[in-house]
Amino acid sequence: VEAVANTTGRAEVLCALFYFIAFLCYAKIGAGVNMHILNTSRNQNQYERGKEERKQSSTFVKSYIGVFLMLKFTLASMLCKEHGVTAPLMVIIWDAYIGTNTSIPELLEVVVVIMSRSGGGGKRKSTTCISSPPLDEKDAIKKKLQMDQRRRREKQCMLFLLRAILSLVGCAAMCLWRLSKNGDSRPDFVCEQNPAACEPKWHLRFIHYTFLWSFNFWLMLYPSWL
């Protein structure tokens, strides 16, 4: 019995292993985040922190590769345990709050700006107004740095949208593929192992499963009992 129990218990370990590998592939390759920066102390020198931040890089090719590897290991995690398919959702939430650190209003603003640029065809209206006084060297450098920083931020947000769309599409495809393997057969519940499934009253089944879903969701957010 112990040998069988140990063999069955390896499924959770392998699922967790592939789950974390999928996260690391997405974070380090896809999002281009240097994990060392997230662990640096707040007392770090600003100049050294700036040097570390310049090492972060994320391109379209790296985003594609990172998402592909993440989905590959997500599939391996799902084949061990079905809840491994939630890895794409987890990495998107992590990327939105920590990796890219963006928000829905910022993403909408970036999409509107890029659509307005592409819709305008790159043409600028000619104006004959009075020319503004020339900027001094410091103001010109400051304005150029602000424009470069804004363009980099727009690129980061667009890459985040690309990774999010690819991850959601891949997650949906894996869910549909896994559900197709069940066929038209309904699950056969064992009353001794799952008494709530054999409950004849539907409202009691609803209360039981709602409690389990709420409890597991809270345990995922605050794993104090694990």
# chains A, B, ... in the order shown; residues from 1 in each chain; ligands from 1
>>> residues_around(residues="stretch 10-25 of chain A", least_positions_apart="5", cutoff="6 Å", atoms="only C-alpha atoms", output="ChimeraX atom specification")
/A:66,70,73,77,80-81
>>> residues_around(residues="A:Trp177", least_positions_apart="6", cutoff="12 Å", atoms="only C-alpha atoms", output="PyMOL selection string")
chain A and resi 75+78-79+82+85+170-171+183
>>> write_last_selection(atoms="N, CA, C and O atoms", output="short mmCIF file (atom, residue, chain, number, x, y, z; two decimals), in the first residue's frame")
data_model
loop_
_atom_site.label_atom_id
_atom_site.label_comp_id
_atom_site.auth_asym_id
_atom_site.auth_seq_id
_atom_site.Cartn_x
_atom_site.Cartn_y
_atom_site.Cartn_z
N LEU A 75 1.59 22.11 -20.26
CA LEU A 75 1.00 20.86 -20.74
C LEU A 75 1.54 19.67 -19.94
O LEU A 75 0.77 18.76 -19.57
N MET A 78 -0.14 19.75 -16.62
CA MET A 78 -1.54 19.34 -16.72
C MET A 78 -1.67 17.83 -16.89
O MET A 78 -2.62 17.22 -16.37
N LEU A 79 -0.73 17.22 -17.59
CA LEU A 79 -0.77 15.77 -17.76
C LEU A 79 -0.50 15.04 -16.45
O LEU A 79 -0.87 13.88 -16.29
N GLU A 82 -4.63 17.84 -13.35
CA GLU A 82 -5.40 18.72 -14.22
C GLU A 82 -5.29 20.19 -13.82
O GLU A 82 -5.37 21.08 -14.67
N VAL A 85 -3.15 23.28 -15.48
CA VAL A 85 -3.52 24.12 -16.61
C VAL A 85 -3.73 25.57 -16.20
O VAL A 85 -3.83 26.45 -17.07
N GLY A 170 -3.49 29.56 -25.65
CA GLY A 170 -2.91 28.26 -25.35
C GLY A 170 -3.61 27.55 -24.20
O GLY A 170 -3.83 26.33 -24.24
N CYS A 171 -3.99 28.30 -23.16
CA CYS A 171 -4.69 27.71 -22.02
C CYS A 171 -6.06 27.18 -22.45
O CYS A 171 -6.46 26.07 -22.06
N GLY A 183 -14.62 12.46 -23.79
CA GLY A 183 -15.68 11.95 -24.66
C GLY A 183 -17.05 12.39 -24.18
O GLY A 183 -17.21 13.43 -23.53
#
>>> residues_around(residues="A:Phe160", least_positions_apart="6", cutoff="8 Å", atoms="only C-alpha atoms", output="PDB file with N, CA, C and O atoms, in the first residue's frame")
ATOM      1  N   ALA A  31       8.958  37.546 -20.244  1.00  0.00           N
ATOM      2  CA  ALA A  31       8.840  38.905 -19.726  1.00  0.00           C
ATOM      3  C   ALA A  31      10.181  39.609 -19.633  1.00  0.00           C
ATOM      4  O   ALA A  31      10.227  40.841 -19.511  1.00  0.00           O
ATOM      5  N   ASP A  95       2.554  38.868 -14.171  1.00  0.00           N
ATOM      6  CA  ASP A  95       3.129  39.837 -15.099  1.00  0.00           C
ATOM      7  C   ASP A  95       2.431  41.179 -14.997  1.00  0.00           C
ATOM      8  O   ASP A  95       3.066  42.239 -15.100  1.00  0.00           O
ATOM      9  N   ALA A  96       1.111  41.169 -14.781  1.00  0.00           N
ATOM     10  CA  ALA A  96       0.362  42.421 -14.711  1.00  0.00           C
ATOM     11  C   ALA A  96       0.704  43.213 -13.455  1.00  0.00           C
ATOM     12  O   ALA A  96       0.786  44.450 -13.500  1.00  0.00           O
ATOM     13  N   THR A 100       5.396  43.433 -15.581  1.00  0.00           N
ATOM     14  CA  THR A 100       5.212  44.683 -16.324  1.00  0.00           C
ATOM     15  C   THR A 100       4.689  45.791 -15.438  1.00  0.00           C
ATOM     16  O   THR A 100       4.925  46.972 -15.705  1.00  0.00           O
TER      17      THR A 100
END
>>> closest_residue(among="A:Met115, A:Gly84, A:Leu89, A:Lys28", to="A:Ala164", atoms="only C-alpha atoms")
A:Leu89
>>> select_by_dssp(residues="stretch 84-125 of chain A", states="alpha helix (DSSP H)", output="MDAnalysis selection string")
chainID A and resid 87:94 104:120
>>> closest_residue(among="A:Cys198, A:Leu166, A:Ile207, A:Cys175", to="A:Leu69", atoms="only C-alpha atoms")
A:Leu166
